[in-house]
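Step one of this worksheet: look at the structure below.
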Amino acid sequence: MPRLECTVNGERRRADVEARLTLADFLREHCALTGTHLGCEHGVCGACTVLVDGEAVRACLMFAVQAGGASITTIEGLGGPDGALSAVQEAFRAEHGLQCGFCTPGFVVSVTALLRESPSPSESEIRDALSGNLCRCTGYQGIIRAVQAAARA
Amino acid sequence: MSGTSAAGRFVGQSVKRREDPRLLTGHGRYVDDVMLPGMLHCAFVRSDVARGRIVACDVDAARALDGVVAVLTADDLNAHAGVMQPTMLMAMDGAPLRPLAARDVRFVGEPIVLVVAESRYVAEDAAELVAVEIEPEPAVIDPERALEPDAPLVHPERASNVGAEMAFPIAPELQACLDGDAVHVVTRRFVQHRHTPVPMEARGVVAAYEPTSGELHAWMSTQNPHEAKQAIARVAGVPSHLVRVESHDVGGGFGQKFFTGREELTVALAARRLGRALKWIEDRRENLIASNHARADIADCTFAMDADGRLLGSYIDHLEDSGSFPVGATGGAGALVGMLFTGPYKCPLASMRTRSVFTNTCGRGAYRGPWLFETVAREQMVDAAARAIGVDPLLWRRRNVVPTAELPYTMPTGLPLEMVSPSETLEQAVAMIGYDAFRAEQARTFAGEGRLLGIGIGLYVEPSTGMMDPMGTENAVVRVNPNGQVTVALGTGSHGQGIETTMAQVVAEELGIDIDDVTVVQGDTAVTAYGRGTGGSGTAVIAGNSCRLACAEVRAKAIEIAAHLMEAAPDDLDIVAGQIAVRGTPARAMAWAEVARVAYLETARLPEGMTIGLEATATFKAPGFSWSNACHVCTVEVDRATGVVQILRYVVSEDCGKMINPMIVEGQIAGGVVQGIGGTLYEHFVYDDDGNPLTTTFMDYLLPTTAEVPTIEYGHVETPSPTPGGHKGMGEGGAIGSPPAVFNAVADALALVGATIDRTPLGPDAILGALAARDS
């Protein structure tokens, strides 16, 4: 089995993994980071979005071995070490940007990446940037408000 | 009754949800996050034929694969399975449910073989090695074809494909009216297409059977843990007191997870047979093709009206496609479609027929407003009828809606309509959107630029019904700990509604203590008493009032203890902000926590004969009907060149009585509205003529995204329900009002050029087709 070495949320990880193991399954099963959710496993819903070297990627579409040498940030790595919420997470809570919470990690990671690239996006930029993440509970109303609030924060 | 009443300390406030920090940081616990030592993984082999005989099923190669533990067929499991029907529907005549297909298959996606292996990867490898040979037979896909006498039988055990049928007599006066005694008689057919709930978390179960204790412990994605416990006990043959079901976080359900699915029951049965811990996580393709589908209705509607368009009589002939193995009741929604068809309008005479047929497709199940076709068909019919007689649809509604002064009103089907405000919500919604100004703009833009703008209304009343046991009752245990902090145990199954927050608001309000001193536990049958689960817009009214009843008992006992300790009269005491004090003399007070401590730890100080401790259990029984209502109005532009519909504005005026948490109420409305928009414009589960599913991924089954949805504007009207909290059910309503509002807006735009529509979905092809039909 190929050897994978990478950094996940700042921790060095070494593992022998099957070549066909997805990055999502590596994070969930090998690293016990179950905040990365699988909503479709074909790259459409965005629930499994993580940051790989700062870029938002779909962990269901990437093999773990492709992340060799990379620095990966999951939803668990975005808040403070004491459980404090990030500005994006806090805005999602204040604006009711989540209900069941299943798509939420993917949205929070995508929004975090968006605001790093574009700190003051317009509403149409927000809608465009998040159109690759599916939510079934909120009708996106609170999510769009949350991004606007986080951009102001 | 317009406007909303003053909020309490907690009830009526948009308290931030306590579920959120764990969900926002990746610390939620969904079923796929449960990993047990020695746990095995499951995959199903499913039929790729809609109807046919299983000629051969060779599992040898799969069994031989390294890492495979078991490959189970109908011969291994079906004889051991108990009754699979939901507990509350066991007496009903339903589809012949079975764990795995035996000898024949009845829809594409029907499970035939269950593979159990050391990893999901190996389980799927092995599933590929199972060789199933099926001899296809003619399938019944069209529900109207299913009615024909020579149609093949979906279930050969049954005499016909009609699963349920109900008809009311047609009174001679109604018949005369429909036959032409009325000035206007308008008949239209409306067809609602098949779509499906699509929770972002698909279904799943981890079922662990421990042979020495005989205990079966199941972690599930369910809205209804106690029903899952009953069903698993029955199907797996484990005594129900040895079954425990847990559902921590649940990634949406919308009805799909209210009853326990065939696959979860089959996996639990397999865990019992193998004596192992098994995990099955449904993948998206399975969820789309083989979890329950919904909608799929046809109705022929007739309105008889006087010269001004006032309703004199109505008739609906409804046909429901139940698919092969409906989850829950066969034809369960149809009776309500017929009985609620006249909705918020005055109509002296009405009748109906409803039929439910089996087809070789995925079974129908509950989806947010399972009977909403009554509103879809009626509201679309209102616009069609108004247009046919040359009356504006808003004016038609104003002439026909039951005025508040005439409530209570007995609907022509006998249902009592009361404590509702359809005319107020209608007026609030049209005022918010500026109906008259839009009509002027519509005329101007059409005359000037040929643009097609339209406006549509969806007005409805929703019965959150407590008629059928156990849907009207919920259990609450309010347990004060010796330090005064409170644990509330509910039989609910929250899956996004924020029940841990809203029910804590109710309890903190009722007990007069801080909300941070209240914790709500639910979703675990070992620590909660039997309850109805979460669905049918029931939690605020039913669980909320169970909490209130239990709190009243706890509060009375706490005051009695305090009165005894303070040598005061109980009637003089009140609980405010965690202090039990003499009214008007706040200095004479003792802390709530001190009363709790005495109740458990200094029992000699309790009044003579009083029981030790401070807790109460209560079950509220909801009235047969508690109505809520809303009016949705939206405006659209239809692009004549591309056929694309764009929603310009979307307004909801709703009345759910007293709100517990306005933020959560508006979130529920928004979610429902966007599901209705998706269902009307984008989502369509498609079968070909042979029953092959064509929309098996999110590339084909299109959900609405941030790119399409409008900003939703909310108005609130408050007519308290007669139940203690004054709340009304509202979780489904957003999904009920939106489909006809969108449809009517599109129909209104198309009417500018004489084009008509009678069915959904309203994708570009449908719009261009309607425009072309007008041109030809």
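Following the order of the structure tokens, first chain is A, next is B, and so on, with residues numbered from 1 inside each chain and ligands from 1 in the order they appear.
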* Taking the DSSP assignment computed from this structure's backbone, write out as a ChimeraX atom specification all residues of segment 36-110 of chain A that belong to alpha helix (DSSP H). => /A:87-94,104-110
* For Arg13 of chain A, list every protein, DNA or RNA residue within 9 Å, evaluated using only C-alpha atoms, and leave out those in the same chain fewer than 4 positions away; present the list as number ranges by chain. => A: 4-8, 31
* To do: Might you pull out every residue within 9 Å of Arg93 of chain A, with only C-alpha atoms counted and same-chain residues fewer than 3 positions away left off, and present them as JSON, numbers by chain?
  => {"A": [88, 89, 90, 96, 97, 98, 146], "B": [16, 17, 20, 21, 24]}
Would you save the residues from that selection as a CSV table (one decimal), in the first residue's frame, using N, CA and C atoms?
```csv
chain,number,residue,atom,x,y,z
A,88,VAL,N,-16.7,33.2,10.8
A,88,VAL,CA,-17.7,32.6,9.8
A,88,VAL,C,-18.6,31.7,10.6
A,89,GLN,N,-18.1,30.9,11.5
A,89,GLN,CA,-19.0,30.0,12.3
A,89,GLN,C,-20.0,30.8,13.1
A,90,GLU,N,-19.4,31.8,13.7
A,90,GLU,CA,-20.3,32.7,14.6
A,90,GLU,C,-21.4,33.3,13.8
A,96,HIS,N,-28.8,32.1,11.6
A,96,HIS,CA,-29.5,30.9,11.4
A,96,HIS,C,-29.2,30.3,10.0
A,97,GLY,N,-27.9,30.2,9.8
A,97,GLY,CA,-27.4,29.7,8.5
A,97,GLY,C,-27.3,28.1,8.4
A,98,LEU,N,-27.9,27.5,9.4
A,98,LEU,CA,-27.9,26.0,9.4
A,98,LEU,C,-29.1,25.5,10.2
A,146,ALA,N,-25.4,35.1,6.5
A,146,ALA,CA,-24.2,34.8,7.3
A,146,ALA,C,-22.9,35.3,6.6
B,16,LYS,N,-30.5,32.1,20.1
B,16,LYS,CA,-29.6,31.4,19.3
B,16,LYS,C,-29.6,29.9,19.6
B,17,ARG,N,-29.4,29.0,18.6
B,17,ARG,CA,-29.6,27.6,18.8
B,17,ARG,C,-28.4,27.0,19.5
B,20,ASP,N,-26.0,24.6,17.5
B,20,ASP,CA,-25.1,25.1,16.5
B,20,ASP,C,-23.6,25.0,16.7
B,21,PRO,N,-23.1,25.3,17.9
B,21,PRO,CA,-21.6,25.2,18.1
B,21,PRO,C,-21.1,23.8,17.7
B,24,LEU,N,-21.4,23.4,13.9
B,24,LEU,CA,-20.5,24.3,13.1
B,24,LEU,C,-19.0,24.0,13.2
```
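Using only C-alpha atoms, the smallest distance between any of A:Leu27, A:Met1, A:Cys135, A:Val109 and chain B comes from A:Cys135.
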* To do: For chain A, report every residue with an atom at most 6 Å from chain B (counting only C-alpha atoms), formatted as a ChimeraX atom specification.
  => /A:34-35,39-40,75-76,89,99-102,127-128,131,137-139
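Closest approach to Phe743 of chain B from the set B:Asn483, B:Cys547, B:Asp383, B:Arg439 is made by B:Asp383, with distances taken over only C-alpha atoms.
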* Contacts of segment 597-600 of chain B at 9 Å or less, counting only C-alpha atoms, minus same-chain residues fewer than 6 places along, as JSON, numbers by chain? -> {"B": [481, 482, 483, 484, 558, 561, 606, 611, 612, 613, 614]}
* Two-atom distance - atom CA of Ala56 of chain A, atom CA of Glu95 of chain A (Å) ->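 Calculated distance between atom CA of Ala56 of chain A and atom CA of Glu95 of chain A is 23.0 Å.
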* Write out as a ChimeraX atom specification which residues come within 9 Å of Glu18 of chain A when counting only C-alpha atoms, dropping same-chain ones fewer than 6 positions away. => /A:1-3,64-65
* Asked: Residues at most 10 Å from Thr413 of chain B, counting only C-alpha atoms, excluding those fewer than 2 positions away in the same chain, as a list in words?
  ->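 The neighbour list is Phe168, Gly338, Met339, Leu340, Phe341, Thr342, Cys347, Pro348, Leu349, Ala350, Ser351, Met352, Thr410, Met411, Leu415 and Pro416 of chain B.
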Once you have the residues from the selection above, write them out as a tab-separated table (two decimals), in the first residue's frame, restricted to N, CA and C atoms.
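Written output follows (out.tsv):
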```tsv
chain	number	residue	atom	x	y	z
B	168	PHE	N	-66.89	10.17	-1.80
B	168	PHE	CA	-68.06	10.70	-1.11
B	168	PHE	C	-69.22	10.71	-2.10
B	338	GLY	N	-58.87	15.08	-0.81
B	338	GLY	CA	-60.28	15.29	-1.12
B	338	GLY	C	-60.99	16.11	-0.06
B	339	MET	N	-60.68	15.85	1.22
B	339	MET	CA	-61.42	16.51	2.30
B	339	MET	C	-61.03	17.97	2.48
B	340	LEU	N	-59.81	18.31	2.09
B	340	LEU	CA	-59.33	19.68	2.29
B	340	LEU	C	-59.38	20.51	1.02
B	341	PHE	N	-59.94	19.96	-0.06
B	341	PHE	CA	-59.79	20.59	-1.36
B	341	PHE	C	-60.36	22.01	-1.40
B	342	THR	N	-61.44	22.28	-0.69
B	342	THR	CA	-61.99	23.64	-0.75
B	342	THR	C	-61.26	24.60	0.18
B	347	CYS	N	-67.74	27.24	0.40
B	347	CYS	CA	-68.26	26.43	-0.69
B	347	CYS	C	-69.36	25.56	-0.10
B	348	PRO	N	-70.60	25.78	-0.51
B	348	PRO	CA	-71.68	25.05	0.15
B	348	PRO	C	-71.70	23.55	-0.17
B	349	LEU	N	-71.26	23.18	-1.35
B	349	LEU	CA	-71.41	21.79	-1.77
B	349	LEU	C	-70.08	21.27	-2.33
B	350	ALA	N	-69.69	20.09	-1.91
B	350	ALA	CA	-68.45	19.53	-2.45
B	350	ALA	C	-68.50	18.02	-2.35
B	351	SER	N	-67.76	17.39	-3.26
B	351	SER	CA	-67.59	15.95	-3.15
B	351	SER	C	-66.25	15.59	-3.78
B	352	MET	N	-65.89	14.35	-3.62
B	352	MET	CA	-64.58	13.93	-4.11
B	352	MET	C	-64.51	12.43	-4.30
B	410	THR	N	-67.81	25.49	8.95
B	410	THR	CA	-67.75	24.05	8.68
B	410	THR	C	-67.54	23.84	7.18
B	411	MET	N	-66.41	23.23	6.85
B	411	MET	CA	-66.11	22.99	5.44
B	411	MET	C	-67.14	22.00	4.88
B	415	LEU	N	-65.25	19.27	7.98
B	415	LEU	CA	-64.16	19.64	8.88
B	415	LEU	C	-64.40	21.04	9.45
B	416	PRO	N	-64.15	21.22	10.73
B	416	PRO	CA	-64.40	22.52	11.36
B	416	PRO	C	-63.18	23.43	11.21
```
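Running DSSP on the backbone gives strand (DSSP E) for these residues within segment 12-95 of chain A: Arg12, Arg13, Arg14, Ala15, Asp16, Thr49, Val50, Leu51, Val52, Glu55, Ala56, Val57, Arg58, Ser71, Ile72 and Thr73 of chain A.
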* Could you pull the residues within 12 Å of Pro81 of chain A, counting only C-alpha atoms, minus those fewer than 3 positions along the same chain, as JSON, numbers by chain? -> {"A": [9, 10, 76, 77, 78, 84, 85, 86], "B": [25]}
* Minimum-distance residue to Val238 of chain B, chosen among B:Met468, B:Ala151, B:Val69, B:Ala81 (using only C-alpha atoms) ->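 Between B:Met468, B:Ala151, B:Val69, B:Ala81, the residue approaching Val238 of chain B most closely is B:Ala81.
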